[in-house]
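J.: Quick one, run12.csv (CSV, C-alpha atoms):
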```
chain,number,residue,atom,x,y,z
G,283,MET,CA,41.4,103.9,133.8
G,284,SER,CA,38.8,103.5,131.1
G,285,HIS,CA,39.8,101.8,127.9
G,286,LEU,CA,40.1,103.7,124.7
G,287,GLN,CA,36.9,103.7,122.6
G,288,SER,CA,36.2,104.5,118.9
G,289,GLY,CA,34.8,107.9,120.0
G,290,ASP,CA,38.1,109.0,121.6
G,291,HIS,CA,40.7,111.3,120.2
G,292,VAL,CA,44.4,110.5,121.0
G,293,VAL,CA,46.9,113.3,120.5
G,294,VAL,CA,50.6,112.2,120.3
G,295,VAL,CA,53.1,115.1,120.8
G,296,GLY,CA,56.4,114.0,119.3
G,297,ALA,CA,56.9,112.5,115.9
G,298,GLY,CA,60.1,110.5,116.6
G,299,VAL,CA,60.5,106.8,117.0
G,300,ALA,CA,58.6,106.7,120.3
G,301,GLY,CA,55.6,108.6,119.0
G,302,TRP,CA,55.4,106.8,115.7
G,303,ARG,CA,55.8,103.3,117.2
G,304,PHE,CA,53.0,104.2,119.5
G,305,VAL,CA,50.7,105.2,116.6
G,306,GLU,CA,51.5,101.8,114.9
G,307,SER,CA,51.1,99.9,118.1
G,308,LEU,CA,47.8,101.5,119.0
G,309,ARG,CA,46.3,100.6,115.6
G,310,ARG,CA,47.6,97.0,115.9
G,311,GLU,CA,45.9,96.8,119.3
G,312,GLY,CA,42.6,97.7,117.5
G,313,TYR,CA,42.1,101.3,118.3
G,314,ALA,CA,39.7,102.8,115.6
G,315,GLY,CA,39.2,106.3,116.9
G,316,GLU,CA,40.8,109.6,115.9
G,317,LEU,CA,44.5,109.8,116.1
G,318,THR,CA,46.7,113.0,115.7
G,319,LEU,CA,50.5,113.1,115.6
G,320,VAL,CA,52.2,116.5,116.3
G,321,GLY,CA,55.9,117.0,115.4
G,322,ASP,CA,58.0,120.2,115.4
G,323,GLU,CA,60.0,119.0,112.4
G,324,ARG,CA,58.4,119.2,108.9
G,325,HIS,CA,59.5,115.7,108.1
G,326,VAL,CA,57.5,112.5,108.5
G,327,PRO,CA,58.8,110.2,111.3
G,328,TYR,CA,62.2,108.8,110.7
G,329,ASP,CA,64.8,106.8,112.6
G,330,ARG,CA,67.6,108.8,114.2
G,331,PRO,CA,70.4,106.3,114.8
G,332,PRO,CA,71.4,106.1,111.1
G,333,LEU,CA,71.9,109.9,111.0
G,334,SER,CA,75.4,109.7,112.6
G,335,LYS,CA,76.2,106.4,110.9
G,336,GLN,CA,74.9,105.3,107.5
G,337,ILE,CA,73.6,108.7,106.4
G,338,LEU,CA,76.5,110.9,107.5
G,339,SER,CA,79.0,108.4,106.0
G,340,GLY,CA,77.1,108.5,102.7
G,341,LYS,CA,76.1,104.8,102.7
G,342,TRP,CA,72.3,105.6,102.9
G,343,ASP,CA,69.9,108.1,101.5
G,344,PHE,CA,67.6,109.6,104.0
G,345,GLU,CA,64.6,107.6,102.6
G,346,LYS,CA,66.1,104.4,104.1
G,347,ALA,CA,65.7,105.9,107.5
G,348,THR,CA,62.1,106.9,107.0
G,349,LEU,CA,59.7,105.1,109.4
G,350,ALA,CA,56.4,106.5,108.2
G,351,THR,CA,56.3,105.5,104.5
G,352,LYS,CA,53.3,106.4,102.5
G,353,GLU,CA,51.9,102.9,102.8
G,354,LYS,CA,52.4,102.9,106.6
G,355,LEU,CA,50.9,106.4,106.9
G,356,ASP,CA,47.8,105.3,105.0
G,357,ALA,CA,47.5,102.2,107.2
G,358,SER,CA,47.8,104.2,110.4
G,359,ARG,CA,45.0,106.7,109.5
G,360,VAL,CA,46.8,109.4,111.5
G,361,ASN,CA,46.2,113.1,111.2
G,362,LEU,CA,49.7,114.7,110.8
G,363,ARG,CA,50.5,118.1,112.2
G,364,LEU,CA,54.1,118.5,111.3
G,365,GLY,CA,56.4,121.6,111.4
G,366,VAL,CA,54.5,123.0,114.4
G,367,ARG,CA,55.6,123.0,118.1
G,368,ALA,CA,53.4,122.3,121.1
G,369,THR,CA,53.6,125.3,123.4
G,370,ARG,CA,51.3,124.4,126.3
G,371,LEU,CA,49.5,121.5,127.8
G,372,ASP,CA,46.2,121.8,129.7
G,373,VAL,CA,46.3,118.6,131.7
G,374,GLU,CA,42.8,119.0,133.2
G,375,ASN,CA,41.2,119.4,129.8
G,376,THR,CA,43.6,117.2,127.9
G,377,THR,CA,44.2,120.0,125.4
G,378,VAL,CA,47.4,120.7,123.5
G,379,TYR,CA,48.1,124.3,122.3
G,380,LEU,CA,50.3,124.7,119.2
G,381,ALA,CA,52.6,127.5,118.1
G,382,ASP,CA,50.4,128.4,115.1
G,383,GLY,CA,47.6,129.4,117.5
G,384,SER,CA,45.5,126.3,117.1
G,385,LEU,CA,44.7,123.8,119.8
G,386,LEU,CA,43.9,120.1,119.9
G,387,LYS,CA,41.2,118.8,122.3
G,388,ALA,CA,41.8,115.2,123.1
G,389,SER,CA,40.5,112.5,125.3
G,390,HIS,CA,44.1,111.2,125.8
G,391,VAL,CA,47.5,112.8,125.3
G,392,LEU,CA,50.8,111.1,124.9
G,393,LEU,CA,54.1,113.1,125.3
G,394,ALA,CA,56.9,111.6,123.3
G,395,THR,CA,59.0,114.6,122.4
G,396,GLY,CA,62.3,113.0,123.1
G,397,SER,CA,65.5,115.0,123.6
G,398,VAL,CA,67.4,117.6,121.6
G,399,ALA,CA,71.1,118.2,121.1
G,400,ARG,CA,72.7,120.1,123.9
G,401,PRO,CA,73.7,123.4,122.5
G,402,LEU,CA,77.3,124.6,122.7
G,403,SER,CA,78.6,128.1,121.9
G,404,TYR,CA,81.7,130.2,122.5
G,405,PRO,CA,82.2,134.0,122.6
G,406,SER,CA,83.3,134.1,118.9
G,407,SER,CA,81.3,131.3,117.5
G,408,GLY,CA,77.7,131.5,118.6
G,409,ALA,CA,75.9,128.2,118.5
G,410,LEU,CA,78.0,125.5,116.9
G,411,ALA,CA,76.7,122.8,114.5
G,412,THR,CA,75.1,119.8,116.1
G,413,LEU,CA,73.9,116.4,114.9
G,414,ARG,CA,70.5,115.4,116.1
G,415,ASN,CA,67.9,115.6,113.3
G,416,TYR,CA,67.5,115.5,109.6
G,417,ASP,CA,68.2,119.2,109.0
G,418,ASP,CA,71.4,118.9,111.1
G,419,VAL,CA,72.8,116.1,109.1
G,420,THR,CA,71.8,117.7,105.8
G,421,ARG,CA,73.7,120.9,106.7
G,422,LEU,CA,76.7,118.9,107.9
G,423,ILE,CA,76.9,116.8,104.8
G,424,GLU,CA,76.7,119.9,102.6
G,425,THR,CA,79.6,121.4,104.6
G,426,LEU,CA,81.7,118.3,104.5
G,427,SER,CA,81.1,117.8,100.8
G,428,SER,CA,82.6,121.2,100.1
G,429,LEU,CA,85.9,120.4,101.9
G,430,ALA,CA,89.1,119.3,100.3
G,431,PRO,CA,90.2,115.7,101.0
G,432,GLU,CA,91.8,115.1,104.4
G,433,SER,CA,90.6,118.5,105.7
G,434,VAL,CA,90.5,118.6,109.5
G,435,VAL,CA,87.1,118.4,111.1
G,436,VAL,CA,87.0,118.9,114.8
G,437,ILE,CA,84.3,117.1,116.9
G,438,ILE,CA,83.9,118.5,120.4
G,439,GLY,CA,82.8,115.6,122.5
G,440,GLY,CA,83.9,112.0,122.4
G,441,GLY,CA,80.7,110.3,123.5
G,442,PHE,CA,78.6,108.0,121.4
G,443,ILE,CA,77.5,110.6,118.8
G,444,GLY,CA,80.9,112.2,118.7
G,445,ALA,CA,82.6,108.8,118.0
G,446,GLU,CA,80.0,107.8,115.4
G,447,ALA,CA,80.3,111.1,113.7
G,448,ALA,CA,84.1,110.9,113.6
G,449,THR,CA,83.9,107.4,112.1
G,450,SER,CA,81.5,108.6,109.4
G,451,ILE,CA,83.6,111.7,108.7
G,452,LYS,CA,86.7,109.6,108.2
G,453,ALA,CA,84.8,107.4,105.8
G,454,ARG,CA,84.2,110.5,103.7
G,455,GLY,CA,88.0,111.0,103.3
G,456,LEU,CA,88.4,113.7,105.9
G,457,THR,CA,90.5,114.0,109.0
G,458,PRO,CA,88.4,114.0,112.2
G,459,ILE,CA,90.0,115.1,115.5
G,460,VAL,CA,87.9,114.5,118.6
G,461,LEU,CA,88.3,116.8,121.6
G,462,GLU,CA,87.1,115.2,124.9
G,463,VAL,CA,87.0,117.0,128.2
G,464,ALA,CA,87.2,113.9,130.3
G,465,PRO,CA,90.3,111.7,130.9
G,466,ARG,CA,88.7,109.2,128.5
G,467,PRO,CA,85.6,109.1,126.3
G,468,LEU,CA,82.6,107.4,127.8
G,469,ILE,CA,84.1,107.2,131.3
G,470,GLY,CA,80.9,108.8,132.8
G,471,VAL,CA,78.6,106.3,131.1
G,472,LEU,CA,80.5,103.0,131.1
G,473,GLY,CA,82.8,103.6,134.0
G,474,ASP,CA,86.6,103.9,134.5
G,475,GLU,CA,87.7,100.4,133.6
G,476,VAL,CA,85.5,99.8,130.6
G,477,SER,CA,86.5,103.2,129.2
G,478,LEU,CA,90.1,102.2,129.6
G,479,TRP,CA,89.5,98.9,127.6
G,480,LEU,CA,88.0,101.1,124.8
G,481,ALA,CA,90.7,103.7,124.9
G,482,SER,CA,92.7,102.4,121.9
G,483,ILE,CA,89.9,101.7,119.4
G,484,ALA,CA,89.9,105.2,117.9
G,485,GLU,CA,93.7,105.2,117.4
G,486,ASP,CA,93.5,101.7,115.9
G,487,PHE,CA,91.0,103.1,113.4
G,488,GLY,CA,93.1,106.1,112.6
G,489,VAL,CA,91.2,108.8,114.4
G,490,GLU,CA,93.0,111.1,116.8
G,491,VAL,CA,91.2,111.6,120.2
G,492,ARG,CA,92.6,114.3,122.5
G,493,THR,CA,91.5,114.0,126.1
G,494,ASN,CA,91.4,116.4,129.1
G,495,GLN,CA,90.7,119.2,126.6
G,496,ARG,CA,89.6,122.6,128.0
G,497,LEU,CA,88.4,125.1,125.3
G,498,ARG,CA,88.4,128.9,125.7
G,499,ASP,CA,87.0,129.9,122.3
G,500,VAL,CA,86.0,128.9,118.8
G,501,ALA,CA,86.3,131.5,116.1
G,502,SER,CA,85.4,131.5,112.5
G,503,HIS,CA,87.8,133.2,110.1
G,504,GLY,CA,86.4,132.9,106.6
G,505,ASP,CA,86.6,129.2,105.6
G,506,GLU,CA,88.6,128.2,108.7
G,507,PHE,CA,87.8,127.8,112.4
G,508,VAL,CA,90.4,128.4,115.0
G,509,ILE,CA,90.0,126.7,118.4
G,510,THR,CA,91.7,128.3,121.3
G,511,PHE,CA,92.5,126.2,124.4
G,512,GLU,CA,92.8,127.4,128.0
G,513,ASP,CA,96.5,127.0,127.8
G,514,GLY,CA,96.7,129.5,124.9
G,515,SER,CA,97.4,126.9,122.2
G,516,THR,CA,95.3,126.7,119.1
G,517,LEU,CA,94.0,124.3,116.5
G,518,ALA,CA,92.8,125.1,113.0
G,519,ALA,CA,89.9,123.2,111.4
G,520,SER,CA,87.8,123.4,108.3
G,521,ALA,CA,84.6,122.5,110.2
G,522,VAL,CA,83.5,122.1,113.8
G,523,LEU,CA,80.8,119.8,115.2
G,524,ALA,CA,79.5,120.0,118.8
G,525,ALA,CA,78.6,116.5,120.2
G,526,VAL,CA,78.3,117.2,123.9
G,527,GLY,CA,75.2,115.2,124.8
G,528,SER,CA,71.4,115.9,124.8
G,529,ALA,CA,68.9,118.0,126.7
G,530,LEU,CA,65.2,118.1,127.3
G,531,ASP,CA,62.8,120.8,126.4
G,532,LEU,CA,60.6,121.0,129.5
G,533,GLN,CA,59.8,124.7,129.5
G,534,TRP,CA,56.5,124.3,127.6
G,535,LEU,CA,55.3,121.9,130.3
G,536,GLU,CA,56.1,124.2,133.3
G,537,GLY,CA,52.9,125.1,135.0
G,538,SER,CA,51.0,122.2,133.5
G,539,GLY,CA,50.7,120.3,136.8
G,540,LEU,CA,52.9,117.5,135.7
G,541,SER,CA,55.7,116.4,138.0
G,542,LEU,CA,59.0,117.5,136.4
G,543,ASP,CA,62.3,116.1,137.7
G,544,HIS,CA,64.9,115.8,135.0
G,545,GLY,CA,62.1,114.6,132.8
G,546,VAL,CA,58.4,114.0,133.4
G,547,VAL,CA,57.7,111.6,136.3
G,548,VAL,CA,55.4,108.7,135.4
G,549,ASP,CA,54.0,105.7,137.4
G,550,HIS,CA,54.4,102.0,136.6
G,551,ASP,CA,52.0,102.3,133.7
G,552,LEU,CA,53.7,105.4,132.2
G,553,GLN,CA,50.9,107.7,133.3
G,554,ALA,CA,51.8,111.2,134.3
G,555,ALA,CA,48.3,112.4,135.0
G,556,THR,CA,44.7,111.2,134.2
G,557,ASN,CA,44.7,110.3,130.5
G,558,VAL,CA,48.2,111.8,130.0
G,559,ALA,CA,51.1,109.5,129.5
G,560,VAL,CA,54.8,110.0,128.7
G,561,ILE,CA,57.2,107.6,127.0
G,562,GLY,CA,60.8,107.5,125.6
G,563,ASP,CA,63.5,110.0,126.5
G,564,LEU,CA,61.1,112.4,128.2
G,565,ALA,CA,59.9,109.8,130.8
G,566,CYS,CA,61.3,109.5,134.2
G,567,PHE,CA,59.9,106.0,134.8
G,568,ILE,CA,60.2,103.0,137.1
G,569,VAL,CA,62.9,100.6,135.9
G,570,THR,CA,62.1,97.1,137.2
G,571,SER,CA,65.1,94.9,137.3
G,572,ALA,CA,66.0,91.7,139.2
G,573,LEU,CA,67.6,93.9,141.9
G,574,GLY,CA,64.4,95.9,142.4
G,575,GLU,CA,63.0,99.2,141.3
G,576,GLU,CA,64.4,102.6,140.7
G,577,ALA,CA,63.3,105.8,138.9
G,578,ALA,CA,65.4,106.6,135.8
G,579,ARG,CA,65.4,108.3,132.5
G,580,ILE,CA,67.0,106.2,129.8
G,581,GLU,CA,67.6,107.6,126.3
G,582,HIS,CA,67.7,104.3,124.4
G,583,TRP,CA,66.0,103.5,121.1
G,584,GLU,CA,64.9,100.1,122.5
G,585,VAL,CA,63.3,101.7,125.6
G,586,ALA,CA,61.3,104.1,123.4
G,587,THR,CA,59.9,101.3,121.3
G,588,GLU,CA,59.1,99.1,124.2
G,589,HIS,CA,57.3,102.0,126.0
G,590,ALA,CA,55.2,102.5,122.9
G,591,ALA,CA,54.0,98.9,122.8
G,592,GLU,CA,53.4,98.7,126.5
G,593,LEU,CA,51.4,101.9,126.6
G,594,ALA,CA,49.3,101.1,123.6
G,595,ARG,CA,48.4,97.7,125.2
G,596,TYR,CA,47.6,99.4,128.5
G,597,TRP,CA,45.3,102.1,127.1
G,598,MET,CA,43.5,99.6,125.0
G,599,SER,CA,43.1,96.7,127.4
G,600,GLY,CA,44.3,97.7,130.8
G,601,GLU,CA,47.0,95.0,130.6
G,602,ARG,CA,50.0,95.9,132.7
G,603,SER,CA,53.5,94.9,131.8
G,604,SER,CA,55.1,92.5,134.4
G,605,ALA,CA,58.3,92.0,132.5
G,606,VAL,CA,61.7,92.9,134.0
G,607,THR,CA,63.1,96.0,132.2
G,608,ILE,CA,66.4,95.2,130.5
G,609,PRO,CA,67.5,98.3,128.7
G,610,TYR,CA,69.7,97.7,125.6
G,611,PHE,CA,71.7,100.1,123.4
G,612,TRP,CA,74.4,99.8,120.8
G,613,SER,CA,76.9,102.1,119.1
G,614,ASP,CA,78.8,101.5,115.9
G,615,GLN,CA,82.1,103.4,116.1
G,616,TYR,CA,85.7,103.0,114.9
G,617,ALA,CA,84.7,99.8,113.0
G,618,LYS,CA,83.6,98.2,116.3
G,619,LYS,CA,80.2,97.6,117.9
G,620,ILE,CA,79.7,98.5,121.5
G,621,GLN,CA,76.6,97.0,123.1
G,622,MET,CA,75.1,97.0,126.6
G,623,LEU,CA,72.4,95.3,128.5
G,624,GLY,CA,70.9,96.3,131.8
G,625,HIS,CA,71.1,99.6,133.7
G,626,PRO,CA,74.5,99.4,135.6
G,627,ARG,CA,76.0,102.4,137.3
G,628,PRO,CA,79.4,103.7,136.1
G,629,ASP,CA,80.9,102.8,139.6
G,630,ASP,CA,79.6,99.2,139.6
G,631,ASP,CA,82.3,96.5,139.7
G,632,VAL,CA,83.2,95.1,136.3
G,633,VAL,CA,85.0,91.9,135.2
G,634,MET,CA,85.9,90.9,131.7
G,635,VAL,CA,84.7,87.3,131.2
G,636,GLU,CA,85.5,86.6,127.5
G,637,GLY,CA,87.9,87.9,124.9
G,638,SER,CA,90.6,90.5,125.5
G,639,ARG,CA,91.7,94.0,124.6
G,640,GLU,CA,94.4,92.5,122.4
G,641,LEU,CA,91.8,90.5,120.4
G,642,GLY,CA,89.7,93.6,120.0
G,643,LYS,CA,86.6,91.9,121.2
G,644,TRP,CA,85.4,91.0,124.6
G,645,LEU,CA,82.4,90.6,127.0
G,646,ALA,CA,82.2,92.0,130.5
G,647,LEU,CA,79.7,91.8,133.4
G,648,TYR,CA,78.9,94.7,135.8
G,649,SER,CA,77.9,93.8,139.4
G,650,ARG,CA,76.9,95.5,142.6
G,651,GLU,CA,77.0,93.9,146.0
G,652,GLY,CA,77.7,90.6,144.3
G,653,TYR,CA,74.7,90.7,141.9
G,654,VAL,CA,74.9,91.1,138.1
G,655,THR,CA,73.6,94.5,137.0
G,656,GLY,CA,74.6,94.6,133.3
G,657,ALA,CA,76.7,93.3,130.5
G,658,VAL,CA,78.8,95.2,128.0
G,659,SER,CA,80.6,93.9,124.9
G,660,LEU,CA,82.9,95.0,122.2
G,661,SER,CA,82.1,93.2,118.9
G,662,GLN,CA,80.7,90.2,120.8
G,663,PRO,CA,77.0,90.3,120.0
G,664,ARG,CA,76.3,86.6,120.4
G,665,GLY,CA,77.9,86.4,123.9
G,666,LEU,CA,76.0,89.5,125.0
G,667,ALA,CA,72.7,88.0,123.8
G,668,LEU,CA,73.3,84.8,125.6
G,669,SER,CA,74.1,86.7,128.8
G,670,LYS,CA,70.6,88.4,128.9
G,671,LYS,CA,69.2,85.5,131.0
G,672,LEU,CA,71.5,86.7,133.8
G,673,LEU,CA,69.4,89.9,134.0
G,674,GLU,CA,66.0,88.3,133.7
G,675,GLU,CA,66.2,87.1,137.3
G,676,LEU,CA,68.4,87.9,140.3
G,677,SER,CA,71.8,86.4,139.4
G,678,THR,CA,75.0,86.4,141.6
G,679,LEU,CA,78.3,87.1,139.9
G,680,LYS,CA,79.5,83.8,141.3
G,681,PHE,CA,76.7,82.0,139.5
G,682,ALA,CA,77.3,83.9,136.3
G,683,LEU,CA,81.0,83.0,136.3
G,684,GLU,CA,80.3,79.3,137.1
G,685,SER,CA,77.5,78.9,134.5
G,686,ALA,CA,79.1,81.1,131.8
G,687,PRO,CA,76.0,81.3,129.5
G,688,TRP,CA,77.9,83.4,127.0
G,689,SER,CA,80.0,80.4,126.0
G,690,ALA,CA,77.1,78.1,125.3
```
As a first step, turn the structure in this file into structure tokens.

T.:
Amino acid sequence: MSHLQSGDHVVVVGAGVAGWRFVESLRREGYAGELTLVGDERHVPYDRPPLSKQILSGKWDFEKATLATKEKLDASRVNLRLGVRATRLDVENTTVYLADGSLLKASHVLLATGSVARPLSYPSSGALATLRNYDDVTRLIETLSSLAPESVVVIIGGGFIGAEAATSIKARGLTPIVLEVAPRPLIGVLGDEVSLWLASIAEDFGVEVRTNQRLRDVASHGDEFVITFEDGSTLAASAVLAAVGSALDLQWLEGSGLSLDHGVVVDHDLQAATNVAVIGDLACFIVTSALGEEAARIEHWEVATEHAAELARYWMSGERSSAVTIPYFWSDQYAKKIQMLGHPRPDDDVVMVEGSRELGKWLALYSREGYVTGAVSLSQPRGLALSKKLLEELSTLKFALESAPWSA
């Protein structure tokens, strides 16, 4: 590919962490040409992880989560097109069409639109409240602030966002009740055994989690919601939050010529087509690990920021990343910190190597066919960090247990 020149125009669609970090990285790499950032929200780029944690709990004002401060915006020299959706992409002519009828002709286009909250509705409710963006958290805080102390707030979904929201809602003096459809929260992400090790942390924190829940309807009756279960029983709540995962908006890319497969398929250099790249949640990319390569879509903050830096470097210099991909994520919930390194599968073998459930902190390794595929910890950040070396090269579980880098 040809390197970016000062006469080029780069259009970034998506003003979340991936898009904004790319803008910053591109300028750091020396790009001096025109740069436009398109976002469907009216707000300048901000960090999403604090929404369900510090902001919902009331510890932070929104300004603390802002990424694009005035000083950083001035330094980036970026044209902002906020509050307008991209509706069509002409790949051949690298042109982005916007909902207000305008279009942006570019030399290069980056798609970094991320994911949205998966909608949830019932016959009597319509779409329930979600927690994904600034407007969501603002409305939710307004609702919670109007409730009497210890009012019941139901969270449908016990995954990461649901657990973080429940933690923050309890911190506001309310009574969260989490309804989870699976036998245990996070079983589909972390696997059966790890989810079992985590099963008591909500109760220890004073939050009720009900599993194997099947809902029939959610109805609003004035200031109260009534949840009806498939067995006919009911639960009254003062507010209801849906936290049932995320989804992608791919409809506007249909017919664009890009390869869509649970995301936008990209090559090793994050290229989806000539002069069109995709990063972050939207990208179905090649994950390079010590075990080999596989195509995956990973919705992690760390992956989005790494993609941004890698792509900026590639478009400016042609330099390809040869580093092994070691995804990382964290979740602060129920006064504990869950962290994971690697890209293990839920059905990989797992062994606890440090700590215990009784201590409330531990470190475990995932493995497949005798090789380490990941590490997960509960409130053991140092041990997890020291275990990263096991994923930087092919490591057998036997070697890991003998060398025990986490105890260094």

J.: With distances taken over only C-alpha atoms, which residue among G:Ala617, G:Ala572, G:Ala314, G:Leu535 lies nearest Ala448 in chain G?

T.: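 Ranked by minimum distance to Ala448 in chain G, first place goes to G:Ala617.
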
J.: Using only C-alpha atoms, find the one residue out of G:Ile451, G:Ile437, G:Leu413, G:Ile561 that sits nearest to Val295 in chain G.

T.: G:Ile561

J.: One decimal, in Å: what's the spacing between CA of Glu651 in chain G and CA of Val606 in chain G?

T.: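 These atoms are spaced 19.5 Å apart.
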
J.: Write out as a short mmCIF file (atom, residue, chain, number, x, y, z; two decimals) with C-alpha atoms, in the frame of the given file each polymer residue whose atoms come within 8 Å of range 510-517 of chain G, counting all atoms listed in the file; drop sequence neighbours fewer than 5 positions from it.

T.:
```
data_model
loop_
_atom_site.label_atom_id
_atom_site.label_comp_id
_atom_site.auth_asym_id
_atom_site.auth_seq_id
_atom_site.Cartn_x
_atom_site.Cartn_y
_atom_site.Cartn_z
CA GLN G 495 90.70 119.20 126.60
CA ARG G 496 89.60 122.60 128.00
CA LEU G 497 88.40 125.10 125.30
CA ARG G 498 88.40 128.90 125.70
CA ASP G 499 87.00 129.90 122.30
CA VAL G 500 86.00 128.90 118.80
#
```

J.: Skip Thr570 in chain G itself and residues of its chain fewer than 2 positions away, then list as a ChimeraX atom specification all residues within 12 Å of it, counting all atoms listed in the file.

T.: /G:549-551,567-568,572-578,603-609,624-625,655,673-676

J.: Keeping only C-alpha atoms, write the selected residues to a file as a PDB file, in the coordinates of the input.

T.:
```
ATOM      1  CA  ASP G 549      54.000 105.700 137.400  1.00  0.00           C
ATOM      2  CA  HIS G 550      54.400 102.000 136.600  1.00  0.00           C
ATOM      3  CA  ASP G 551      52.000 102.300 133.700  1.00  0.00           C
ATOM      4  CA  PHE G 567      59.900 106.000 134.800  1.00  0.00           C
ATOM      5  CA  ILE G 568      60.200 103.000 137.100  1.00  0.00           C
ATOM      6  CA  ALA G 572      66.000  91.700 139.200  1.00  0.00           C
ATOM      7  CA  LEU G 573      67.600  93.900 141.900  1.00  0.00           C
ATOM      8  CA  GLY G 574      64.400  95.900 142.400  1.00  0.00           C
ATOM      9  CA  GLU G 575      63.000  99.200 141.300  1.00  0.00           C
ATOM     10  CA  GLU G 576      64.400 102.600 140.700  1.00  0.00           C
ATOM     11  CA  ALA G 577      63.300 105.800 138.900  1.00  0.00           C
ATOM     12  CA  ALA G 578      65.400 106.600 135.800  1.00  0.00           C
ATOM     13  CA  SER G 603      53.500  94.900 131.800  1.00  0.00           C
ATOM     14  CA  SER G 604      55.100  92.500 134.400  1.00  0.00           C
ATOM     15  CA  ALA G 605      58.300  92.000 132.500  1.00  0.00           C
ATOM     16  CA  VAL G 606      61.700  92.900 134.000  1.00  0.00           C
ATOM     17  CA  THR G 607      63.100  96.000 132.200  1.00  0.00           C
ATOM     18  CA  ILE G 608      66.400  95.200 130.500  1.00  0.00           C
ATOM     19  CA  PRO G 609      67.500  98.300 128.700  1.00  0.00           C
ATOM     20  CA  GLY G 624      70.900  96.300 131.800  1.00  0.00           C
ATOM     21  CA  HIS G 625      71.100  99.600 133.700  1.00  0.00           C
ATOM     22  CA  THR G 655      73.600  94.500 137.000  1.00  0.00           C
ATOM     23  CA  LEU G 673      69.400  89.900 134.000  1.00  0.00           C
ATOM     24  CA  GLU G 674      66.000  88.300 133.700  1.00  0.00           C
ATOM     25  CA  GLU G 675      66.200  87.100 137.300  1.00  0.00           C
ATOM     26  CA  LEU G 676      68.400  87.900 140.300  1.00  0.00           C
TER      27      LEU G 676
END
```

J.: Restricting the calculation to all atoms listed in the file: of G:Ser384, G:Asn415, G:Thr420, G:Gln621, which residue gets closest to Leu472 in chain G?

T.: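 Comparing G:Ser384, G:Asn415, G:Thr420, G:Gln621 against Leu472 in chain G, the winner is G:Gln621.
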
J.: Contacts of Gly504 in chain G at 12 Å or less, counting only C-alpha atoms, minus same-chain residues fewer than 6 places along, as a list of chain:residue names?

T.: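 Contacts, with the query itself left out: G:Ala518, G:Ala519, G:Ser520, G:Ala521.
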
J.: Please compute the CA of Val546 in chain G-CA of His291 in chain G distance, one decimal, in Å.

T.: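 Taking CA of Val546 in chain G and CA of His291 in chain G, their separation equals 22.2 Å.
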
J.: Would you please work out which residue, of G:Asn375, G:Ser689, G:Ser339, G:Ser528, is nearest to Ala453 in chain G when using only C-alpha atoms?

T.: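 Among the listed residues, the smallest separation from Ala453 in chain G belongs to G:Ser339.
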
J.: From the set G:Ala646, G:Leu338, G:Leu393, G:Ala481, which residue has the shortest atom-to-atom contact distance to Val548 in chain G, counting only C-alpha atoms?

T.: G:Leu393

J.: Which residue gives the smallest distance to Leu641 in chain G among G:Pro332, G:Pro663, G:Arg492, G:Ile483, with all atoms listed in the file counted?

T.: G:Ile483

J.: Glu374 in chain G: which residues within 9 Å, counting only C-alpha atoms, same-chain residues fewer than 5 positions away excluded, as a ChimeraX atom specification?

T.: /G:538-539,555-556

J.: Quick one: pull the distance between CA of Thr457 in chain G and CA of Pro431 in chain G, Å, one decimal.

T.: 8.2 Å

J.: Using only C-alpha atoms, which protein or nucleic acid residues come within 12 Å of Glu640 in chain G? Drop anything in the same chain fewer than 6 positions from it, and give the result as a ChimeraX atom specification.

T.: /G:479-480,482-483,486,660
